[in-house]
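Text of model_30.txt, listed as compact mmCIF, C-alpha atoms:
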```txt
# COMPACT_ATOMS: atom_id res chain seq x y z
CA MET A 1038 -99.00 100.36 -24.50
CA THR A 1039 -96.76 100.84 -27.51
CA ARG A 1040 -99.68 100.24 -29.88
CA ASP A 1041 -101.93 102.92 -28.49
CA MET A 1042 -102.08 105.75 -31.03
CA VAL A 1043 -103.42 108.41 -28.62
CA LEU A 1044 -100.67 107.78 -26.08
CA ARG A 1045 -97.96 107.81 -28.72
CA VAL A 1046 -99.14 111.07 -30.27
CA VAL A 1047 -99.58 112.78 -26.89
CA ALA A 1048 -96.16 111.56 -25.77
CA LYS A 1049 -94.53 112.86 -28.95
CA LEU A 1050 -96.19 116.22 -28.41
CA LEU A 1051 -95.32 116.50 -24.74
CA ILE A 1052 -91.78 115.14 -24.48
CA PRO A 1053 -90.05 118.02 -26.33
CA PHE A 1054 -91.72 120.50 -24.01
CA ILE A 1055 -90.76 118.50 -20.92
CA LEU A 1056 -87.15 118.45 -22.12
CA LEU A 1057 -87.27 122.17 -22.85
CA PHE A 1058 -88.71 122.81 -19.38
CA ALA A 1059 -85.91 120.77 -17.83
CA LEU A 1060 -83.33 122.89 -19.66
CA TYR A 1061 -85.14 126.05 -18.56
CA VAL A 1062 -85.16 124.89 -14.94
CA GLN A 1063 -81.46 124.08 -15.22
CA PHE A 1064 -80.21 127.29 -16.81
CA HIS A 1065 -82.72 129.70 -15.32
CA GLY A 1066 -82.10 128.38 -11.81
CA ASP A 1067 -80.03 131.47 -10.97
CA PHE A 1068 -83.04 133.72 -11.45
CA GLY A 1069 -86.15 131.65 -10.84
CA PRO A 1070 -86.99 128.52 -8.90
CA GLY A 1071 -85.11 125.43 -9.91
CA GLY A 1072 -81.59 124.14 -10.21
CA GLY A 1073 -79.62 121.03 -10.94
CA PHE A 1074 -81.60 118.55 -8.87
CA GLN A 1075 -84.98 119.61 -10.27
CA ALA A 1076 -83.70 119.70 -13.84
CA GLY A 1077 -82.16 116.24 -13.41
CA VAL A 1078 -85.35 114.64 -12.17
CA ILE A 1079 -87.46 116.35 -14.85
CA LEU A 1080 -85.09 115.08 -17.55
CA ALA A 1081 -85.23 111.61 -16.05
CA ALA A 1082 -89.03 111.79 -15.84
CA ALA A 1083 -89.20 112.71 -19.52
CA MET A 1084 -87.05 109.68 -20.39
CA VAL A 1085 -89.14 107.40 -18.15
CA PHE A 1086 -92.26 108.71 -19.89
CA TYR A 1087 -90.67 107.90 -23.25
CA ALA A 1088 -89.72 104.42 -22.06
CA VAL A 1089 -93.23 103.72 -20.72
CA ILE A 1090 -94.88 104.67 -24.02
CA PHE A 1091 -92.33 103.49 -26.59
CA GLY A 1092 -90.75 100.60 -24.73
CA LEU A 1093 -87.58 100.11 -22.75
CA ASP A 1094 -85.56 98.94 -25.76
CA ASN A 1095 -86.19 102.18 -27.63
CA ALA A 1096 -85.28 104.19 -24.55
CA ARG A 1097 -82.05 102.21 -24.27
CA LYS A 1098 -81.28 103.24 -27.84
CA VAL A 1099 -81.70 106.92 -26.95
CA LEU A 1100 -79.65 106.72 -23.75
CA PRO A 1101 -77.66 103.47 -23.62
CA ASP A 1102 -76.84 101.85 -20.27
CA ARG A 1103 -73.20 102.69 -20.68
CA LEU A 1104 -73.90 106.40 -21.09
CA VAL A 1105 -76.29 106.41 -18.12
CA GLU A 1106 -73.72 104.71 -15.90
CA THR A 1107 -71.11 107.21 -17.03
CA MET A 1108 -73.48 110.06 -16.16
CA VAL A 1109 -73.86 108.71 -12.60
CA ALA A 1110 -70.15 109.18 -11.94
CA ALA A 1111 -69.47 112.09 -14.31
CA GLY A 1112 -71.69 114.53 -12.43
CA VAL A 1113 -69.95 113.99 -9.09
CA LEU A 1114 -66.57 114.17 -10.83
CA LEU A 1115 -67.54 117.46 -12.49
CA TYR A 1116 -68.56 118.83 -9.09
CA LEU A 1117 -65.28 117.68 -7.53
CA GLY A 1118 -63.45 119.11 -10.54
CA VAL A 1119 -64.90 122.56 -9.87
CA GLY A 1120 -63.69 122.21 -6.27
CA ALA A 1121 -60.24 121.15 -7.44
CA ALA A 1122 -60.12 124.01 -9.96
CA GLY A 1123 -60.59 126.39 -7.04
CA LEU A 1124 -57.63 124.74 -5.32
CA LEU A 1125 -55.43 124.91 -8.42
CA LEU A 1126 -56.20 128.58 -8.99
CA GLY A 1127 -55.02 129.42 -5.51
CA GLY A 1128 -58.22 129.42 -3.48
CA ASN A 1129 -59.86 126.95 -1.13
CA PHE A 1130 -61.74 123.83 -2.18
CA LEU A 1131 -65.02 124.90 -3.85
CA ASP A 1132 -63.89 128.53 -3.76
CA TYR A 1133 -65.62 130.14 -6.75
CA PHE A 1134 -64.17 133.61 -6.33
CA VAL A 1135 -60.90 132.61 -7.96
CA LEU A 1136 -62.54 130.97 -11.01
CA ALA A 1137 -62.64 134.24 -12.97
CA ALA A 1138 -60.93 137.61 -12.83
CA ASP A 1139 -64.10 139.22 -11.48
CA PRO A 1140 -65.25 137.49 -8.23
CA VAL A 1141 -68.97 137.75 -9.10
CA ALA A 1142 -68.34 136.26 -12.55
CA GLY A 1143 -66.36 133.51 -10.80
CA GLN A 1144 -69.35 132.76 -8.57
CA HIS A 1145 -71.57 132.54 -11.68
CA ARG A 1146 -69.14 130.17 -13.35
CA GLY A 1147 -68.80 127.95 -10.29
CA ILE A 1148 -72.53 127.75 -9.68
CA PHE A 1149 -73.20 126.98 -13.35
CA TRP A 1150 -70.81 124.02 -13.42
CA ILE A 1151 -71.74 122.49 -10.09
CA GLU A 1152 -75.47 122.74 -10.93
CA LEU A 1153 -74.69 120.93 -14.18
CA GLY A 1154 -72.84 118.25 -12.22
CA VAL A 1155 -75.78 117.77 -9.85
CA ALA A 1156 -78.20 117.51 -12.79
CA ILE A 1157 -76.06 114.91 -14.60
CA THR A 1158 -75.68 112.68 -11.56
CA VAL A 1159 -79.33 112.93 -10.48
CA CYS A 1160 -80.61 112.22 -13.99
CA GLY A 1161 -78.21 109.31 -14.39
CA VAL A 1162 -79.11 107.71 -11.06
CA MET A 1163 -82.87 108.04 -11.63
CA LEU A 1164 -82.61 106.54 -15.10
CA LYS A 1165 -80.29 103.76 -13.97
CA VAL A 1166 -82.69 102.78 -11.17
CA PHE A 1167 -85.57 102.83 -13.64
CA TYR A 1168 -83.70 100.73 -16.23
CA LEU A 1169 -82.75 98.18 -13.58
CA PHE A 1170 -86.28 97.91 -12.18
CA ALA A 1171 -88.06 97.91 -15.53
CA GLY A 1172 -85.61 95.45 -17.07
CA ARG A 1173 -86.66 92.68 -14.69
CA GLY A 1174 -89.58 90.60 -15.89
CA PRO A 1175 -91.08 87.61 -14.05
CA GLU A 1176 -90.41 85.36 -17.05
CA GLU A 1177 -86.68 86.16 -16.99
CA GLU A 1178 -86.36 85.35 -13.31
CA GLN A 1179 -87.27 81.69 -13.77
CA MET B 777 -107.66 132.06 0.86
CA GLU B 778 -104.27 130.36 1.02
CA THR B 779 -105.16 128.72 4.32
CA LEU B 780 -108.40 127.45 2.79
CA ILE B 781 -106.60 125.95 -0.21
CA VAL B 782 -103.97 124.28 1.97
CA ASN B 783 -106.63 122.92 4.33
CA VAL B 784 -108.69 121.48 1.48
CA LEU B 785 -105.56 119.85 0.03
CA LEU B 786 -104.56 118.44 3.43
CA THR B 787 -108.06 117.02 3.92
CA LEU B 788 -107.87 115.36 0.52
CA MET B 789 -104.47 113.94 1.47
CA MET B 790 -105.91 112.55 4.69
CA LEU B 791 -108.74 110.91 2.74
CA ALA B 792 -106.20 109.46 0.32
CA VAL B 793 -104.21 107.98 3.22
CA VAL B 794 -107.32 106.40 4.79
CA VAL B 795 -108.33 104.85 1.47
CA LEU B 796 -104.70 103.77 0.92
CA ALA B 797 -104.65 101.93 4.23
CA ARG B 798 -107.94 100.17 3.52
CA THR B 799 -107.38 99.16 -0.11
CA ARG B 800 -106.10 95.66 -0.79
CA ASN B 801 -105.59 96.00 -4.54
CA LEU B 802 -101.96 97.02 -5.01
CA PHE B 803 -102.55 98.78 -8.33
CA SER B 804 -105.02 101.17 -6.67
CA VAL B 805 -102.57 101.63 -3.81
CA ILE B 806 -99.85 102.75 -6.23
CA VAL B 807 -102.17 105.11 -8.09
CA LEU B 808 -103.38 106.55 -4.78
CA SER B 809 -99.85 107.14 -3.53
CA GLY B 810 -99.11 108.97 -6.79
CA LEU B 811 -102.20 111.07 -6.13
CA TYR B 812 -100.97 111.74 -2.60
CA SER B 813 -97.64 112.95 -3.99
CA PHE B 814 -99.36 115.27 -6.44
CA LEU B 815 -101.48 116.74 -3.64
CA MET B 816 -98.31 117.21 -1.60
CA ALA B 817 -96.67 118.96 -4.56
CA THR B 818 -99.67 121.29 -4.82
CA VAL B 819 -99.40 122.08 -1.10
CA MET B 820 -95.75 122.96 -1.70
CA VAL B 821 -96.75 125.34 -4.51
CA ALA B 822 -99.31 126.95 -2.19
CA LEU B 823 -96.52 127.38 0.40
CA ASP B 824 -94.29 129.05 -2.26
CA ALA B 825 -91.76 126.20 -2.22
CA VAL B 826 -91.76 125.68 -5.99
CA ASP B 827 -88.41 123.85 -6.01
CA VAL B 828 -89.70 121.21 -3.63
CA ALA B 829 -92.97 120.99 -5.55
CA MET B 830 -91.14 120.27 -8.81
CA THR B 831 -89.06 117.57 -7.18
CA GLU B 832 -92.07 116.03 -5.46
CA ALA B 833 -94.12 115.99 -8.67
CA ALA B 834 -91.31 114.51 -10.77
CA VAL B 835 -89.91 111.99 -8.27
CA GLY B 836 -92.81 111.25 -5.90
CA ALA B 837 -95.63 111.21 -8.39
CA GLY B 838 -93.76 110.37 -11.57
CA ILE B 839 -90.69 108.19 -11.26
CA SER B 840 -91.51 106.34 -8.04
CA THR B 841 -95.02 105.51 -9.28
CA VAL B 842 -93.49 103.97 -12.40
CA LEU B 843 -90.91 102.11 -10.27
CA LEU B 844 -93.65 100.72 -8.03
CA LEU B 845 -95.65 99.65 -11.09
CA GLY B 846 -92.52 97.86 -12.30
CA ALA B 847 -92.28 96.13 -8.93
CA LEU B 848 -95.97 95.20 -9.10
CA HIS B 849 -95.23 93.50 -12.41
CA LEU B 850 -93.08 91.04 -10.44
CA CYS B 851 -95.53 90.14 -7.68
CA ARG B 852 -99.19 89.44 -7.06
CA SER B 853 -101.58 92.35 -7.36
CA GLU B 854 -103.60 91.63 -4.20
CA GLU B 855 -102.24 92.33 -0.76
CA ALA B 856 -102.49 89.29 1.57
CA LYS B 857 -105.02 89.46 4.40
CA PRO B 858 -103.30 90.51 7.64
CA ALA B 859 -102.83 87.62 10.07
CA HIS B 860 -103.46 89.67 13.22
CA LYS B 861 -105.70 92.47 14.46
CA PRO B 862 -104.39 96.00 13.80
CA TRP B 863 -105.22 97.44 17.25
CA LEU B 864 -101.75 97.40 18.84
CA PRO B 865 -99.93 98.95 15.82
CA LEU B 866 -102.78 101.44 15.48
CA ALA B 867 -102.43 102.48 19.15
CA VAL B 868 -98.64 102.85 18.80
CA THR B 869 -98.95 104.98 15.65
CA ALA B 870 -101.74 107.09 17.11
CA SER B 871 -99.79 107.84 20.29
CA ALA B 872 -96.61 108.60 18.32
CA GLY B 873 -98.63 110.94 16.11
CA LEU B 874 -100.14 112.67 19.13
CA LEU B 875 -96.66 113.11 20.62
CA LEU B 876 -95.47 114.71 17.38
CA VAL B 877 -98.46 117.06 17.31
CA TYR B 878 -97.72 117.93 20.94
CA GLY B 879 -94.12 118.67 19.88
CA THR B 880 -95.29 121.13 17.20
CA TRP B 881 -96.86 123.36 19.91
CA ASP B 882 -93.37 124.50 20.86
CA LEU B 883 -92.47 125.47 17.29
CA PRO B 884 -92.68 129.15 16.32
CA ALA B 885 -95.79 130.08 14.35
CA PHE B 886 -95.70 129.49 10.59
CA SER B 887 -93.74 132.24 8.75
CA ASP B 888 -93.10 134.11 12.00
CA PRO B 889 -90.34 136.63 11.20
CA GLU B 890 -89.09 136.45 14.79
CA ALA B 891 -88.45 132.71 14.61
CA PRO B 892 -84.84 131.73 15.47
CA ILE B 893 -84.26 130.27 12.02
CA HIS B 894 -84.82 133.69 10.44
CA LYS B 895 -82.48 135.38 12.92
CA HIS B 896 -79.34 133.27 12.52
CA VAL B 897 -77.57 133.39 9.13
CA ALA B 898 -80.57 134.06 6.90
CA PRO B 899 -80.36 137.90 7.11
CA ARG B 900 -76.69 137.73 6.12
CA TYR B 901 -77.51 135.62 3.04
CA LEU B 902 -80.42 137.88 2.08
CA GLU B 903 -78.37 141.06 2.43
CA ALA B 904 -75.01 140.00 1.02
CA GLY B 905 -76.09 137.16 -1.30
CA PRO B 906 -77.03 139.18 -4.39
CA SER B 907 -73.93 141.39 -4.27
CA GLU B 908 -71.47 138.61 -3.36
CA THR B 909 -72.67 135.96 -5.81
CA GLY B 910 -74.58 138.01 -8.36
CA VAL B 911 -77.37 135.41 -8.26
CA PRO B 912 -80.84 136.88 -7.66
CA ASN B 913 -82.32 133.56 -6.48
CA VAL B 914 -81.13 133.27 -2.89
CA VAL B 915 -82.03 129.57 -2.73
CA THR B 916 -79.58 128.82 -5.54
CA ALA B 917 -76.94 131.09 -4.00
CA VAL B 918 -77.18 129.30 -0.63
CA LEU B 919 -77.36 125.80 -2.11
CA ALA B 920 -74.63 126.10 -4.69
CA SER B 921 -72.28 128.68 -3.22
CA TYR B 922 -72.55 129.23 0.55
CA ARG B 923 -73.42 125.60 1.22
CA GLY B 924 -71.44 124.10 -1.65
CA PHE B 925 -69.97 121.42 0.59
CA ASP B 926 -73.45 120.27 1.69
CA THR B 927 -74.60 120.03 -1.90
CA LEU B 928 -71.46 118.09 -2.80
CA GLY B 929 -72.39 115.71 0.04
CA GLU B 930 -75.94 115.39 -1.26
CA THR B 931 -74.75 114.65 -4.77
CA THR B 932 -72.40 112.03 -3.38
CA VAL B 933 -75.32 110.48 -1.47
CA VAL B 934 -77.33 110.27 -4.70
CA PHE B 935 -74.31 108.76 -6.45
CA THR B 936 -73.82 106.21 -3.64
CA ALA B 937 -77.49 105.24 -3.76
CA GLY B 938 -77.22 104.69 -7.50
CA ALA B 939 -74.01 102.68 -7.13
CA GLY B 940 -75.65 100.55 -4.43
CA ILE B 941 -78.65 99.77 -6.60
CA VAL B 942 -76.38 98.93 -9.54
CA ALA B 943 -74.41 96.56 -7.28
CA LEU B 944 -77.59 94.89 -6.02
CA LEU B 945 -79.72 94.59 -9.12
CA ARG B 946 -77.41 94.53 -12.11
CA ARG B 947 -77.72 91.23 -13.87
CA ARG B 948 -74.70 89.01 -14.29
CA ARG B 949 -73.60 88.10 -17.79
CA ARG B 950 -76.15 85.82 -19.47
CA LYS B 951 -73.60 83.11 -20.16
CA THR B 952 -73.15 81.99 -16.55
CA ALA B 953 -76.92 82.06 -16.00
CA ASP B 954 -77.47 79.86 -19.07
CA LYS B 955 -74.94 77.32 -17.86
CA GLU B 956 -76.58 77.00 -14.48
CA ALA B 957 -80.03 76.54 -15.96
CA PRO B 958 -81.00 72.87 -16.47
```
For this file, write the structure as structure tokens.
Amino acid sequence: MTRDMVLRVVAKLLIPFILLFALYVQFHGDFGPGGGFQAGVILAAAMVFYAVIFGLDNARKVLPDRLVETMVAAGVLLYLGVGAAGLLLGGNFLDYFVLAADPVAGQHRGIFWIELGVAITVCGVMLKVFYLFAGRGPEEEQ
Amino acid sequence: METLIVNVLLTLMMLAVVVLARTRNLFSVIVLSGLYSFLMATVMVALDAVDVAMTEAAVGAGISTVLLLGALHLCRSEEAKPAHKPWLPLAVTASAGLLLVYGTWDLPAFSDPEAPIHKHVAPRYLEAGPSETGVPNVVTAVLASYRGFDTLGETTVVFTAGAGIVALLRRRRRKTADKEAP
């Protein structure tokens, strides 16, 4: 598929908008529909689209395996870190009210970071699964 | 109008399932299941569940279709002929389906404001959510703030699933494989 001009041009046109939409879904999730999970899968879908059109090796250059594996764990750790920050600042685990001087601002801060954590983990897991599945060819199995 | 749209979509989904069950070519099966997911996502939009629709479209129709195509790359593209008649499984599925439909008769009507689920904690979230969290989208407020522990659990489930797949499918270093090969 990498030789097909139409697919390549359409992919190049579409992928920036898919990425932008993922960012919109992530950061506008407080006001409109969306949030970390949706943004993570849309980001992963954009990368899968890229890999299908331009080849897995090129996709691995954009997001190397090592980075993807780090993302899988980093998101959960970020989430846990927000919980621990609540503990350190004198509240309960995952208590956002203590994260800022103003409780509502603290809620905003907490929600922002945990949504980011969810997005990172979801995107990492989806991409890792895709890399693992797509990396297996019948000729390599023999 | 909304009922009409949802009914048309559900009919199309039913048709897709019947064709899915009867098709033997696995490539068509994968494309049809992607189509089914897209129809499902459209139903979710019609039901105002845009979050679910986005997830369904991206995961169900997008990523899992690509994953299944990757799996198809490793096996034959025609499903084997079944060795036995389908009547017993068909009867079991049909009766289980009928039981489930019978179970739905006891559910409150769709979007009934008097339903128990709208009487429990939902009014509290709707009233106090915007002022307590400052987040206009109540779904986000509930998911990320009120039910933060649940979402942490969900994220951990996703992480565990990823770790499990890495443990199962990750290839060993090439060196050992080369040595074993004749």
Which neighbours of Val1113 of chain A fall inside 12 Å, counting all atoms listed in the file, when residues of the same chain fewer than 2 positions from it are skipped, and could you give them as a PDB file with C-alpha atoms, in the coordinates of the input?
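Result file is out-v8.pdb:
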```pdb
ATOM      1  CA  THR A1107     -71.110 107.210 -17.030  1.00  0.00           C
ATOM      2  CA  MET A1108     -73.480 110.060 -16.160  1.00  0.00           C
ATOM      3  CA  VAL A1109     -73.860 108.710 -12.600  1.00  0.00           C
ATOM      4  CA  ALA A1110     -70.150 109.180 -11.940  1.00  0.00           C
ATOM      5  CA  ALA A1111     -69.470 112.090 -14.310  1.00  0.00           C
ATOM      6  CA  LEU A1115     -67.540 117.460 -12.490  1.00  0.00           C
ATOM      7  CA  TYR A1116     -68.560 118.830  -9.090  1.00  0.00           C
ATOM      8  CA  LEU A1117     -65.280 117.680  -7.530  1.00  0.00           C
ATOM      9  CA  GLY A1118     -63.450 119.110 -10.540  1.00  0.00           C
ATOM     10  CA  VAL A1119     -64.900 122.560  -9.870  1.00  0.00           C
ATOM     11  CA  GLY A1120     -63.690 122.210  -6.270  1.00  0.00           C
ATOM     12  CA  TRP A1150     -70.810 124.020 -13.420  1.00  0.00           C
ATOM     13  CA  ILE A1151     -71.740 122.490 -10.090  1.00  0.00           C
ATOM     14  CA  GLU A1152     -75.470 122.740 -10.930  1.00  0.00           C
ATOM     15  CA  LEU A1153     -74.690 120.930 -14.180  1.00  0.00           C
ATOM     16  CA  GLY A1154     -72.840 118.250 -12.220  1.00  0.00           C
ATOM     17  CA  VAL A1155     -75.780 117.770  -9.850  1.00  0.00           C
ATOM     18  CA  ALA A1156     -78.200 117.510 -12.790  1.00  0.00           C
ATOM     19  CA  ILE A1157     -76.060 114.910 -14.600  1.00  0.00           C
ATOM     20  CA  THR A1158     -75.680 112.680 -11.560  1.00  0.00           C
ATOM     21  CA  VAL A1159     -79.330 112.930 -10.480  1.00  0.00           C
ATOM     22  CA  CYS A1160     -80.610 112.220 -13.990  1.00  0.00           C
ATOM     23  CA  GLY A1161     -78.210 109.310 -14.390  1.00  0.00           C
ATOM     24  CA  VAL A1162     -79.110 107.710 -11.060  1.00  0.00           C
TER      25      VAL A1162
ATOM     26  CA  THR B 927     -74.600 120.030  -1.900  1.00  0.00           C
ATOM     27  CA  LEU B 928     -71.460 118.090  -2.800  1.00  0.00           C
ATOM     28  CA  GLY B 929     -72.390 115.710   0.040  1.00  0.00           C
ATOM     29  CA  GLU B 930     -75.940 115.390  -1.260  1.00  0.00           C
ATOM     30  CA  THR B 931     -74.750 114.650  -4.770  1.00  0.00           C
ATOM     31  CA  THR B 932     -72.400 112.030  -3.380  1.00  0.00           C
ATOM     32  CA  VAL B 933     -75.320 110.480  -1.470  1.00  0.00           C
ATOM     33  CA  VAL B 934     -77.330 110.270  -4.700  1.00  0.00           C
ATOM     34  CA  PHE B 935     -74.310 108.760  -6.450  1.00  0.00           C
ATOM     35  CA  THR B 936     -73.820 106.210  -3.640  1.00  0.00           C
ATOM     36  CA  GLY B 938     -77.220 104.690  -7.500  1.00  0.00           C
TER      37      GLY B 938
END
```
Given the choices B:Ala859, B:Ala829, B:Ile806, B:Val795, which gets closest to chain A if the distance is worked out from all atoms listed in the file?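 Among B:Ala859, B:Ala829, B:Ile806, B:Val795, it is B:Ala829 that comes nearest to chain A.
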Any idea which chain B residues end up within 7 Å of chain A if we count all atoms listed in the file, as a VMD selection string please? chain B and resid 826 to 827 830 to 831 834 to 835 838 to 839 843 846 850 908 to 913 916 920 to 921 924 928 931 to 932 934 to 935 938 941 945 to 946
Between atom CA of Leu844 of chain B and atom CA of Ile1090 of chain A, what is the distance, to one decimal in Å? 16.5 Å
Atom CA of Leu785 of chain B and atom CA of Tyr812 of chain B are how many Å apart? 9.7 Å
Just the residues within 12 Å of Arg852 of chain B, please, counting only C-alpha atoms, with nothing from its chain fewer than 4 positions along; format it as a list in words. Pro1175 of chain A; Arg800, Asn801, Leu802, Phe803, Leu845, Gly846, Ala847, Leu848 and Ala856 of chain B
Among listed residues B:Ala792, B:Val915, B:Ala939, B:Val897, nearest Ala825 of chain B (using all atoms listed in the file):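 Ranked by minimum distance to Ala825 of chain B, first place goes to B:Val915.
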Expected axis-aligned box over every listed atom of segment 792-799 of chain B, 6 Å added per side, centre plus edges in Å to one decimal, as JSON:
```
{"center_x": -106.3, "center_y": 104.3, "center_z": 2.3, "size_x": 16.1, "size_y": 22.3, "size_z": 16.9}
```
What does the distance between atom CA of Ala822 of chain B and atom CA of Val782 of chain B come to in Å, to one decimal place?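 Computing the Euclidean distance for atom CA of Ala822 of chain B and atom CA of Val782 of chain B yields 6.8 Å.
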Which polymer residues have any atom within 9 Å of an atom of Ala1048 of chain A, counting only C-alpha atoms, with same-chain residues fewer than 3 positions away left out, as a PDB file with C-alpha atoms, in the coordinates of the input?
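As written to disk, part-v3.pdb reads:
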```
ATOM      1  CA  VAL A1043    -103.420 108.410 -28.620  1.00  0.00           C
ATOM      2  CA  LEU A1044    -100.670 107.780 -26.080  1.00  0.00           C
ATOM      3  CA  ARG A1045     -97.960 107.810 -28.720  1.00  0.00           C
ATOM      4  CA  LEU A1051     -95.320 116.500 -24.740  1.00  0.00           C
ATOM      5  CA  ILE A1052     -91.780 115.140 -24.480  1.00  0.00           C
ATOM      6  CA  PRO A1053     -90.050 118.020 -26.330  1.00  0.00           C
ATOM      7  CA  PHE A1086     -92.260 108.710 -19.890  1.00  0.00           C
ATOM      8  CA  TYR A1087     -90.670 107.900 -23.250  1.00  0.00           C
ATOM      9  CA  ILE A1090     -94.880 104.670 -24.020  1.00  0.00           C
ATOM     10  CA  PHE A1091     -92.330 103.490 -26.590  1.00  0.00           C
TER      11      PHE A1091
END
```
Residue contacts of Arg900 of chain B (12 Å, only C-alpha atoms) excluding same-chain residues fewer than 6 positions away, as a list in words: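 Residues meeting the cut-off are His894, Pro906, Ser907, Glu908, Val914, Val918 and Tyr922 of chain B.
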